[in-house]
Structures are given as C-alpha cells and as structure tokens.
Amino acid sequence: MSNIYLVGFMGTGKTTVGKALAHRKKWSFIDLDELIELKERKRIVDIFAQEGEVYFRRREKEVLKEVAKENNFVVACGGGIVLDEENIKIMKETGIVICLTARVDVILKRTTGFTSRPLLNTSNPKERIEELLKKRAPFYARIEKTVDTSNLSVEKVVEKIIELVD
C-alpha cells in the first residue's frame with residue numbers, strides 16, 4: 001500500500017479526518033483541491049465559474065496522477081473525483097480508497113455558510129445535496145471500504161480507517 005485516498009461527498013470530513021489520519025500514521029497529507037488551487041492560482045469556485053466543471057475535472061485527474069506517484073500520503077479528494085472511472089482505477093492501483101459518508105442533514109450543517117463550495121451555491125442547498133448524492137451514489141458504492149462519519153468524532157473515524165487498512 002502506498003497511499004490512502006479519502007473520497008466522499010463534500011462535508012463528510014475528508015480534509016479534517018485526512019489530516020488527523022496522516023498525523024497518526026506519520027505520513028504526509030495532501031488535499032487535492034488545495035493543490036489544484038495552488039497550481040491554478042485560483043480558488044475552486046473561481047475555476048468552476050471561469051473555466052467550467054469539465055476543465056476542473058481534467059485538472060483534477062492530472063493532479064491525481066501526479067500525487068499517485070508518491071508514497072505514504074493521505075489524500076483528501078474532491079467529492080466528484082469518483083465520477084471518472086479512470087480516477088478510481090488510479091487510486092485503487094496506488095493505494096487504498098476509503099469512502100466517507102454522512103447523512104444529508106449532517107452534510108448540510110457542515111457545509112452551510114461556505115461559499116467556497118460551487119456546487120452548493122444555490123437557493124436550496126439541501127435539495128442540491130440530495131440530488132448530487134443520488135447521482136453519485138452508484139459511484140460511491142463502488143468503493144468497498146466505507147465509514148459513516150455522521151455520529152463519530154474525528155478520532156473515532158481515524159480509528160475505523162486504521163482498522164480497515166491495517
């Protein structure tokens with residue numbers, strides 16, 4: 001195993017859990033969205049607005065391929081990375097993929113007030129969350145290892161992930 005990839009919908013805890021997991025394993029942590037922002041010199045919300053989602057997804061794959069060459073990284077991936085079959089293949093070939101999930105009400109609470117989430121900048125974010133979760137459900141379902149973060153502390157989620165990977 002070379003890396004641990006955390007996938008799942010926005011607000012499921014990928015970045016927060018990823019940092020804690022990397023600390024616990026004494027590995028490096030990287031947030032793919034943050035790396036894309038550094039490389040593009042733009043926020044994700046601006047990339048979506050100016051270049052579109054198709055452009056963003058292409059850059060996301062390029063950055064994933066770069067990170068996949070590394071070892072001992074905990075990688076927090078963007079919520080839509082699983083929409084591309086090649087991305088899933090890359091992650092499974094270079095590490096273990098863990099899908100973090102949470103209930104809609106928990107996701108809504110965790111993401112409310114963040115304008116940096118371009119897909120939720122709508123008049124009815126709860127409806128949009130439900131719509132996106134329904135669309136992405138078959139993609140998330142292909143990830144064998146899953147942890148529901150709805151009622152767990154960050155430490156408990158890290159413990160569950162360690163049980164799954166060790």
# chains A, B, ... in the order shown; residues from 1 in each chain; ligands from 1
$ residues_around --residues "Glu60 in chain A" --least-positions-apart "5" --cutoff "10 Å" --atoms "only C-alpha atoms" --output "list of chain:residue names"
A:Leu32, A:Asp33, A:Leu35, A:Ile36, A:Val54, A:Tyr55, A:Lys65, A:Cys77, A:Gly78, A:Gly80, A:Ile81, A:Asn87
$ write_last_selection --atoms "N, CA and C atoms" --output "PDB file, in the first residue's frame"
ATOM      1  N   LEU A  32      -6.337  17.401  -2.497  1.00  0.00           N
ATOM      2  CA  LEU A  32      -6.245  17.600  -3.950  1.00  0.00           C
ATOM      3  C   LEU A  32      -6.799  18.946  -4.386  1.00  0.00           C
ATOM      4  N   ASP A  33      -7.926  19.375  -3.796  1.00  0.00           N
ATOM      5  CA  ASP A  33      -8.496  20.667  -4.174  1.00  0.00           C
ATOM      6  C   ASP A  33      -7.538  21.817  -3.870  1.00  0.00           C
ATOM      7  N   LEU A  35      -4.282  21.609  -3.727  1.00  0.00           N
ATOM      8  CA  LEU A  35      -3.172  21.512  -4.674  1.00  0.00           C
ATOM      9  C   LEU A  35      -3.578  22.080  -6.041  1.00  0.00           C
ATOM     10  N   ILE A  36      -4.800  21.796  -6.471  1.00  0.00           N
ATOM     11  CA  ILE A  36      -5.306  22.359  -7.732  1.00  0.00           C
ATOM     12  C   ILE A  36      -5.339  23.883  -7.637  1.00  0.00           C
ATOM     13  N   VAL A  54     -15.965  20.810 -16.557  1.00  0.00           N
ATOM     14  CA  VAL A  54     -15.207  19.888 -17.407  1.00  0.00           C
ATOM     15  C   VAL A  54     -13.705  20.177 -17.294  1.00  0.00           C
ATOM     16  N   TYR A  55     -13.341  21.450 -17.370  1.00  0.00           N
ATOM     17  CA  TYR A  55     -11.943  21.849 -17.222  1.00  0.00           C
ATOM     18  C   TYR A  55     -11.419  21.430 -15.849  1.00  0.00           C
ATOM     19  N   LYS A  65      -2.930  12.081 -10.851  1.00  0.00           N
ATOM     20  CA  LYS A  65      -1.868  11.255 -11.436  1.00  0.00           C
ATOM     21  C   LYS A  65      -0.504  11.623 -10.849  1.00  0.00           C
ATOM     22  N   CYS A  77      -9.641  13.774  -1.396  1.00  0.00           N
ATOM     23  CA  CYS A  77     -10.044  14.012  -2.781  1.00  0.00           C
ATOM     24  C   CYS A  77     -11.329  14.829  -2.834  1.00  0.00           C
ATOM     25  N   GLY A  78     -11.512  15.528  -3.937  1.00  0.00           N
ATOM     26  CA  GLY A  78     -12.754  16.269  -4.131  1.00  0.00           C
ATOM     27  C   GLY A  78     -13.933  15.314  -4.231  1.00  0.00           C
ATOM     28  N   GLY A  80     -16.321  14.905  -6.262  1.00  0.00           N
ATOM     29  CA  GLY A  80     -16.707  14.355  -7.560  1.00  0.00           C
ATOM     30  C   GLY A  80     -15.634  13.527  -8.241  1.00  0.00           C
ATOM     31  N   ILE A  81     -14.535  13.262  -7.563  1.00  0.00           N
ATOM     32  CA  ILE A  81     -13.439  12.528  -8.208  1.00  0.00           C
ATOM     33  C   ILE A  81     -13.860  11.136  -8.659  1.00  0.00           C
ATOM     34  N   ASN A  87     -10.087   7.682 -12.596  1.00  0.00           N
ATOM     35  CA  ASN A  87      -9.625   8.162 -11.292  1.00  0.00           C
ATOM     36  C   ASN A  87      -9.700   7.052 -10.251  1.00  0.00           C
TER      37      ASN A  87
END
$ residues_around --residues "range 3-18 of chain A" --least-positions-apart "6" --cutoff "9 Å" --atoms "only C-alpha atoms" --output "PyMOL selection string"
chain A and resi 29-31+68+70-82+91-92+94-103+106-111+117+129+132-133+136+140+143+148-150+154-155+157-158+165
$ write_last_selection --atoms "C-alpha atoms" --output "PDB file, in the first residue's frame"
ATOM      1  CA  PHE A  29      -1.272  14.860   3.958  1.00  0.00           C
ATOM      2  CA  ILE A  30      -2.476  16.495   0.780  1.00  0.00           C
ATOM      3  CA  ASP A  31      -5.825  17.951  -0.178  1.00  0.00           C
ATOM      4  CA  ALA A  68      -0.383   8.874  -7.168  1.00  0.00           C
ATOM      5  CA  GLU A  70       4.071   9.434  -4.231  1.00  0.00           C
ATOM      6  CA  ASN A  71       4.125   7.055  -1.256  1.00  0.00           C
ATOM      7  CA  ASN A  72       2.811   7.329   2.293  1.00  0.00           C
ATOM      8  CA  PHE A  73       0.342  10.103   1.568  1.00  0.00           C
ATOM      9  CA  VAL A  74      -3.155  10.531   2.934  1.00  0.00           C
ATOM     10  CA  VAL A  75      -5.031  12.228   0.102  1.00  0.00           C
ATOM     11  CA  ALA A  76      -8.317  14.086   0.592  1.00  0.00           C
ATOM     12  CA  CYS A  77     -10.044  14.012  -2.781  1.00  0.00           C
ATOM     13  CA  GLY A  78     -12.754  16.269  -4.131  1.00  0.00           C
ATOM     14  CA  GLY A  79     -16.302  14.965  -3.826  1.00  0.00           C
ATOM     15  CA  GLY A  80     -16.707  14.355  -7.560  1.00  0.00           C
ATOM     16  CA  ILE A  81     -13.439  12.528  -8.208  1.00  0.00           C
ATOM     17  CA  VAL A  82     -15.276   9.188  -8.289  1.00  0.00           C
ATOM     18  CA  MET A  91      -6.451   5.319  -6.711  1.00  0.00           C
ATOM     19  CA  LYS A  92      -7.036   1.569  -6.347  1.00  0.00           C
ATOM     20  CA  THR A  94      -1.714   3.104  -5.931  1.00  0.00           C
ATOM     21  CA  GLY A  95      -3.333   2.730  -2.536  1.00  0.00           C
ATOM     22  CA  ILE A  96      -6.454   2.045  -0.526  1.00  0.00           C
ATOM     23  CA  VAL A  97      -9.614   4.019  -1.144  1.00  0.00           C
ATOM     24  CA  ILE A  98     -11.930   4.837   1.762  1.00  0.00           C
ATOM     25  CA  CYS A  99     -15.321   6.435   1.177  1.00  0.00           C
ATOM     26  CA  LEU A 100     -16.527   8.748   3.942  1.00  0.00           C
ATOM     27  CA  THR A 101     -20.296   9.197   4.122  1.00  0.00           C
ATOM     28  CA  ALA A 102     -22.721  11.227   6.208  1.00  0.00           C
ATOM     29  CA  ARG A 103     -26.453  11.843   6.386  1.00  0.00           C
ATOM     30  CA  VAL A 106     -25.146  16.401   8.716  1.00  0.00           C
ATOM     31  CA  ILE A 107     -23.693  17.408   5.338  1.00  0.00           C
ATOM     32  CA  LEU A 108     -25.997  20.431   5.206  1.00  0.00           C
ATOM     33  CA  LYS A 109     -24.951  21.527   8.690  1.00  0.00           C
ATOM     34  CA  ARG A 110     -21.247  21.054   7.935  1.00  0.00           C
ATOM     35  CA  THR A 111     -21.357  22.924   4.610  1.00  0.00           C
ATOM     36  CA  ARG A 117     -18.486  25.091  -2.470  1.00  0.00           C
ATOM     37  CA  ILE A 129     -27.161  17.825  -1.784  1.00  0.00           C
ATOM     38  CA  LEU A 132     -25.953  15.177  -6.123  1.00  0.00           C
ATOM     39  CA  LEU A 133     -25.871  12.302  -3.611  1.00  0.00           C
ATOM     40  CA  ARG A 136     -23.121   9.967  -7.197  1.00  0.00           C
ATOM     41  CA  TYR A 140     -19.501   5.886  -4.167  1.00  0.00           C
ATOM     42  CA  ILE A 143     -15.710   1.837  -3.032  1.00  0.00           C
ATOM     43  CA  ASP A 148     -20.165   6.870   8.073  1.00  0.00           C
ATOM     44  CA  THR A 149     -18.894   9.993   9.857  1.00  0.00           C
ATOM     45  CA  SER A 150     -22.339  11.316  10.858  1.00  0.00           C
ATOM     46  CA  VAL A 154     -12.631  12.652  14.117  1.00  0.00           C
ATOM     47  CA  GLU A 155     -10.621  10.314  16.380  1.00  0.00           C
ATOM     48  CA  VAL A 157     -13.239   7.892  12.239  1.00  0.00           C
ATOM     49  CA  VAL A 158      -9.431   7.652  12.210  1.00  0.00           C
ATOM     50  CA  VAL A 165      -6.259  -0.503   6.242  1.00  0.00           C
TER      51      VAL A 165
END
$ select_by_dssp --residues "range 41-90 of chain A" --states "strand (DSSP E)" --output "list in words"
Phe73, Val74, Val75 and Ala76 of chain A
$ select_by_dssp --residues "range 39-145 of chain A" --states "alpha helix (DSSP H)" --output "VMD selection string"
chain A and resid 39 to 40 44 to 51 53 to 67 85 to 94 104 to 111 125 to 140
$ atom_distance --atom1 "CA of Ile88 in chain A" --atom2 "CA of Val147 in chain A"
17.5 Å
$ atom_distance --atom1 "CA of Lys25 in chain A" --atom2 "CA of Ile90 in chain A"
22.0 Å
$ decode --residues "range 45-94 of chain A" --atoms "N, CA and C atoms" --output "PDB file, in the first residue's frame"
ATOM      1  N   VAL A  45     -13.915  27.597  -6.605  1.00  0.00           N
ATOM      2  CA  VAL A  45     -15.154  28.266  -7.004  1.00  0.00           C
ATOM      3  C   VAL A  45     -14.917  29.147  -8.239  1.00  0.00           C
ATOM      4  N   ASP A  46     -13.744  29.775  -8.336  1.00  0.00           N
ATOM      5  CA  ASP A  46     -13.409  30.615  -9.489  1.00  0.00           C
ATOM      6  C   ASP A  46     -13.088  29.774 -10.726  1.00  0.00           C
ATOM      7  N   ILE A  47     -12.439  28.624 -10.514  1.00  0.00           N
ATOM      8  CA  ILE A  47     -12.163  27.727 -11.641  1.00  0.00           C
ATOM      9  C   ILE A  47     -13.482  27.273 -12.261  1.00  0.00           C
ATOM     10  N   PHE A  48     -14.429  26.866 -11.416  1.00  0.00           N
ATOM     11  CA  PHE A  48     -15.752  26.442 -11.902  1.00  0.00           C
ATOM     12  C   PHE A  48     -16.425  27.582 -12.669  1.00  0.00           C
ATOM     13  N   ALA A  49     -16.381  28.782 -12.096  1.00  0.00           N
ATOM     14  CA  ALA A  49     -17.069  29.935 -12.697  1.00  0.00           C
ATOM     15  C   ALA A  49     -16.424  30.362 -14.020  1.00  0.00           C
ATOM     16  N   GLN A  50     -15.099  30.342 -14.075  1.00  0.00           N
ATOM     17  CA  GLN A  50     -14.399  30.865 -15.247  1.00  0.00           C
ATOM     18  C   GLN A  50     -14.099  29.813 -16.307  1.00  0.00           C
ATOM     19  N   GLU A  51     -13.800  28.593 -15.876  1.00  0.00           N
ATOM     20  CA  GLU A  51     -13.372  27.549 -16.813  1.00  0.00           C
ATOM     21  C   GLU A  51     -14.404  26.435 -16.993  1.00  0.00           C
ATOM     22  N   GLY A  52     -15.270  26.255 -15.979  1.00  0.00           N
ATOM     23  CA  GLY A  52     -16.287  25.216 -16.059  1.00  0.00           C
ATOM     24  C   GLY A  52     -15.869  23.924 -15.378  1.00  0.00           C
ATOM     25  N   GLU A  53     -16.861  23.064 -15.128  1.00  0.00           N
ATOM     26  CA  GLU A  53     -16.611  21.815 -14.420  1.00  0.00           C
ATOM     27  C   GLU A  53     -15.773  20.843 -15.246  1.00  0.00           C
ATOM     28  N   VAL A  54     -15.965  20.810 -16.557  1.00  0.00           N
ATOM     29  CA  VAL A  54     -15.207  19.888 -17.407  1.00  0.00           C
ATOM     30  C   VAL A  54     -13.705  20.177 -17.294  1.00  0.00           C
ATOM     31  N   TYR A  55     -13.341  21.450 -17.370  1.00  0.00           N
ATOM     32  CA  TYR A  55     -11.943  21.849 -17.222  1.00  0.00           C
ATOM     33  C   TYR A  55     -11.419  21.430 -15.849  1.00  0.00           C
ATOM     34  N   PHE A  56     -12.215  21.716 -14.803  1.00  0.00           N
ATOM     35  CA  PHE A  56     -11.799  21.366 -13.446  1.00  0.00           C
ATOM     36  C   PHE A  56     -11.545  19.867 -13.320  1.00  0.00           C
ATOM     37  N   ARG A  57     -12.453  19.045 -13.849  1.00  0.00           N
ATOM     38  CA  ARG A  57     -12.307  17.586 -13.731  1.00  0.00           C
ATOM     39  C   ARG A  57     -11.043  17.105 -14.461  1.00  0.00           C
ATOM     40  N   ARG A  58     -10.704  17.733 -15.571  1.00  0.00           N
ATOM     41  CA  ARG A  58      -9.487  17.372 -16.298  1.00  0.00           C
ATOM     42  C   ARG A  58      -8.248  17.698 -15.450  1.00  0.00           C
ATOM     43  N   ARG A  59      -8.236  18.873 -14.843  1.00  0.00           N
ATOM     44  CA  ARG A  59      -7.108  19.259 -13.982  1.00  0.00           C
ATOM     45  C   ARG A  59      -7.018  18.345 -12.755  1.00  0.00           C
ATOM     46  N   GLU A  60      -8.191  17.996 -12.218  1.00  0.00           N
ATOM     47  CA  GLU A  60      -8.243  17.114 -11.060  1.00  0.00           C
ATOM     48  C   GLU A  60      -7.557  15.780 -11.377  1.00  0.00           C
ATOM     49  N   LYS A  61      -7.841  15.233 -12.546  1.00  0.00           N
ATOM     50  CA  LYS A  61      -7.226  13.957 -12.941  1.00  0.00           C
ATOM     51  C   LYS A  61      -5.716  14.106 -13.103  1.00  0.00           C
ATOM     52  N   GLU A  62      -5.272  15.201 -13.709  1.00  0.00           N
ATOM     53  CA  GLU A  62      -3.841  15.437 -13.886  1.00  0.00           C
ATOM     54  C   GLU A  62      -3.122  15.503 -12.539  1.00  0.00           C
ATOM     55  N   VAL A  63      -3.714  16.218 -11.598  1.00  0.00           N
ATOM     56  CA  VAL A  63      -3.109  16.368 -10.270  1.00  0.00           C
ATOM     57  C   VAL A  63      -3.138  15.029  -9.524  1.00  0.00           C
ATOM     58  N   LEU A  64      -4.219  14.270  -9.659  1.00  0.00           N
ATOM     59  CA  LEU A  64      -4.293  12.943  -9.036  1.00  0.00           C
ATOM     60  C   LEU A  64      -3.164  12.054  -9.561  1.00  0.00           C
ATOM     61  N   LYS A  65      -2.930  12.081 -10.851  1.00  0.00           N
ATOM     62  CA  LYS A  65      -1.868  11.255 -11.436  1.00  0.00           C
ATOM     63  C   LYS A  65      -0.504  11.623 -10.849  1.00  0.00           C
ATOM     64  N   GLU A  66      -0.263  12.902 -10.614  1.00  0.00           N
ATOM     65  CA  GLU A  66       0.996  13.349 -10.011  1.00  0.00           C
ATOM     66  C   GLU A  66       1.128  12.819  -8.577  1.00  0.00           C
ATOM     67  N   VAL A  67       0.068  12.998  -7.802  1.00  0.00           N
ATOM     68  CA  VAL A  67       0.080  12.584  -6.397  1.00  0.00           C
ATOM     69  C   VAL A  67       0.196  11.060  -6.279  1.00  0.00           C
ATOM     70  N   ALA A  68      -0.394  10.340  -7.209  1.00  0.00           N
ATOM     71  CA  ALA A  68      -0.383   8.874  -7.168  1.00  0.00           C
ATOM     72  C   ALA A  68       1.020   8.291  -7.307  1.00  0.00           C
ATOM     73  N   LYS A  69       1.957   9.086  -7.771  1.00  0.00           N
ATOM     74  CA  LYS A  69       3.351   8.635  -7.891  1.00  0.00           C
ATOM     75  C   LYS A  69       4.068   8.656  -6.545  1.00  0.00           C
ATOM     76  N   GLU A  70       3.469   9.308  -5.559  1.00  0.00           N
ATOM     77  CA  GLU A  70       4.071   9.434  -4.231  1.00  0.00           C
ATOM     78  C   GLU A  70       3.727   8.224  -3.365  1.00  0.00           C
ATOM     79  N   ASN A  71       4.389   8.121  -2.220  1.00  0.00           N
ATOM     80  CA  ASN A  71       4.125   7.055  -1.256  1.00  0.00           C
ATOM     81  C   ASN A  71       3.878   7.655   0.118  1.00  0.00           C
ATOM     82  N   ASN A  72       3.098   6.931   0.912  1.00  0.00           N
ATOM     83  CA  ASN A  72       2.811   7.329   2.293  1.00  0.00           C
ATOM     84  C   ASN A  72       2.158   8.698   2.380  1.00  0.00           C
ATOM     85  N   PHE A  73       1.151   8.893   1.543  1.00  0.00           N
ATOM     86  CA  PHE A  73       0.342  10.103   1.568  1.00  0.00           C
ATOM     87  C   PHE A  73      -1.091   9.734   1.933  1.00  0.00           C
ATOM     88  N   VAL A  74      -1.707  10.573   2.754  1.00  0.00           N
ATOM     89  CA  VAL A  74      -3.155  10.531   2.934  1.00  0.00           C
ATOM     90  C   VAL A  74      -3.677  11.654   2.046  1.00  0.00           C
ATOM     91  N   VAL A  75      -4.567  11.288   1.113  1.00  0.00           N
ATOM     92  CA  VAL A  75      -5.031  12.228   0.102  1.00  0.00           C
ATOM     93  C   VAL A  75      -6.528  12.463   0.266  1.00  0.00           C
ATOM     94  N   ALA A  76      -6.898  13.712   0.556  1.00  0.00           N
ATOM     95  CA  ALA A  76      -8.317  14.086   0.592  1.00  0.00           C
ATOM     96  C   ALA A  76      -8.693  14.493  -0.828  1.00  0.00           C
ATOM     97  N   CYS A  77      -9.641  13.774  -1.396  1.00  0.00           N
ATOM     98  CA  CYS A  77     -10.044  14.012  -2.781  1.00  0.00           C
ATOM     99  C   CYS A  77     -11.329  14.829  -2.834  1.00  0.00           C
ATOM    100  N   GLY A  78     -11.512  15.528  -3.937  1.00  0.00           N
ATOM    101  CA  GLY A  78     -12.754  16.269  -4.131  1.00  0.00           C
ATOM    102  C   GLY A  78     -13.933  15.314  -4.231  1.00  0.00           C
ATOM    103  N   GLY A  79     -15.109  15.800  -3.874  1.00  0.00           N
ATOM    104  CA  GLY A  79     -16.302  14.965  -3.826  1.00  0.00           C
ATOM    105  C   GLY A  79     -16.679  14.296  -5.131  1.00  0.00           C
ATOM    106  N   GLY A  80     -16.321  14.905  -6.262  1.00  0.00           N
ATOM    107  CA  GLY A  80     -16.707  14.355  -7.560  1.00  0.00           C
ATOM    108  C   GLY A  80     -15.634  13.527  -8.241  1.00  0.00           C
ATOM    109  N   ILE A  81     -14.535  13.262  -7.563  1.00  0.00           N
ATOM    110  CA  ILE A  81     -13.439  12.528  -8.208  1.00  0.00           C
ATOM    111  C   ILE A  81     -13.860  11.136  -8.659  1.00  0.00           C
ATOM    112  N   VAL A  82     -14.837  10.551  -7.971  1.00  0.00           N
ATOM    113  CA  VAL A  82     -15.276   9.188  -8.289  1.00  0.00           C
ATOM    114  C   VAL A  82     -16.124   9.111  -9.563  1.00  0.00           C
ATOM    115  N   LEU A  83     -16.491  10.263 -10.118  1.00  0.00           N
ATOM    116  CA  LEU A  83     -17.328  10.267 -11.326  1.00  0.00           C
ATOM    117  C   LEU A  83     -16.559   9.777 -12.548  1.00  0.00           C
ATOM    118  N   ASP A  84     -15.249   9.747 -12.444  1.00  0.00           N
ATOM    119  CA  ASP A  84     -14.399   9.309 -13.552  1.00  0.00           C
ATOM    120  C   ASP A  84     -13.807   7.944 -13.196  1.00  0.00           C
ATOM    121  N   GLU A  85     -14.148   6.946 -13.986  1.00  0.00           N
ATOM    122  CA  GLU A  85     -13.688   5.575 -13.745  1.00  0.00           C
ATOM    123  C   GLU A  85     -12.164   5.469 -13.697  1.00  0.00           C
ATOM    124  N   GLU A  86     -11.487   6.247 -14.530  1.00  0.00           N
ATOM    125  CA  GLU A  86     -10.026   6.204 -14.546  1.00  0.00           C
ATOM    126  C   GLU A  86      -9.439   6.690 -13.215  1.00  0.00           C
ATOM    127  N   ASN A  87     -10.087   7.682 -12.596  1.00  0.00           N
ATOM    128  CA  ASN A  87      -9.625   8.162 -11.292  1.00  0.00           C
ATOM    129  C   ASN A  87      -9.700   7.052 -10.251  1.00  0.00           C
ATOM    130  N   ILE A  88     -10.804   6.313 -10.245  1.00  0.00           N
ATOM    131  CA  ILE A  88     -10.961   5.210  -9.287  1.00  0.00           C
ATOM    132  C   ILE A  88      -9.869   4.166  -9.523  1.00  0.00           C
ATOM    133  N   LYS A  89      -9.617   3.856 -10.776  1.00  0.00           N
ATOM    134  CA  LYS A  89      -8.588   2.877 -11.136  1.00  0.00           C
ATOM    135  C   LYS A  89      -7.217   3.336 -10.630  1.00  0.00           C
ATOM    136  N   ILE A  90      -6.880   4.595 -10.860  1.00  0.00           N
ATOM    137  CA  ILE A  90      -5.590   5.146 -10.414  1.00  0.00           C
ATOM    138  C   ILE A  90      -5.455   5.007  -8.895  1.00  0.00           C
ATOM    139  N   MET A  91      -6.515   5.372  -8.177  1.00  0.00           N
ATOM    140  CA  MET A  91      -6.451   5.319  -6.711  1.00  0.00           C
ATOM    141  C   MET A  91      -6.319   3.888  -6.218  1.00  0.00           C
ATOM    142  N   LYS A  92      -7.090   2.964  -6.797  1.00  0.00           N
ATOM    143  CA  LYS A  92      -7.036   1.569  -6.347  1.00  0.00           C
ATOM    144  C   LYS A  92      -5.691   0.925  -6.669  1.00  0.00           C
ATOM    145  N   GLU A  93      -5.061   1.340  -7.760  1.00  0.00           N
ATOM    146  CA  GLU A  93      -3.761   0.777  -8.137  1.00  0.00           C
ATOM    147  C   GLU A  93      -2.617   1.314  -7.278  1.00  0.00           C
ATOM    148  N   THR A  94      -2.820   2.468  -6.664  1.00  0.00           N
ATOM    149  CA  THR A  94      -1.714   3.104  -5.931  1.00  0.00           C
ATOM    150  C   THR A  94      -2.003   3.271  -4.441  1.00  0.00           C
TER     151      THR A  94
END
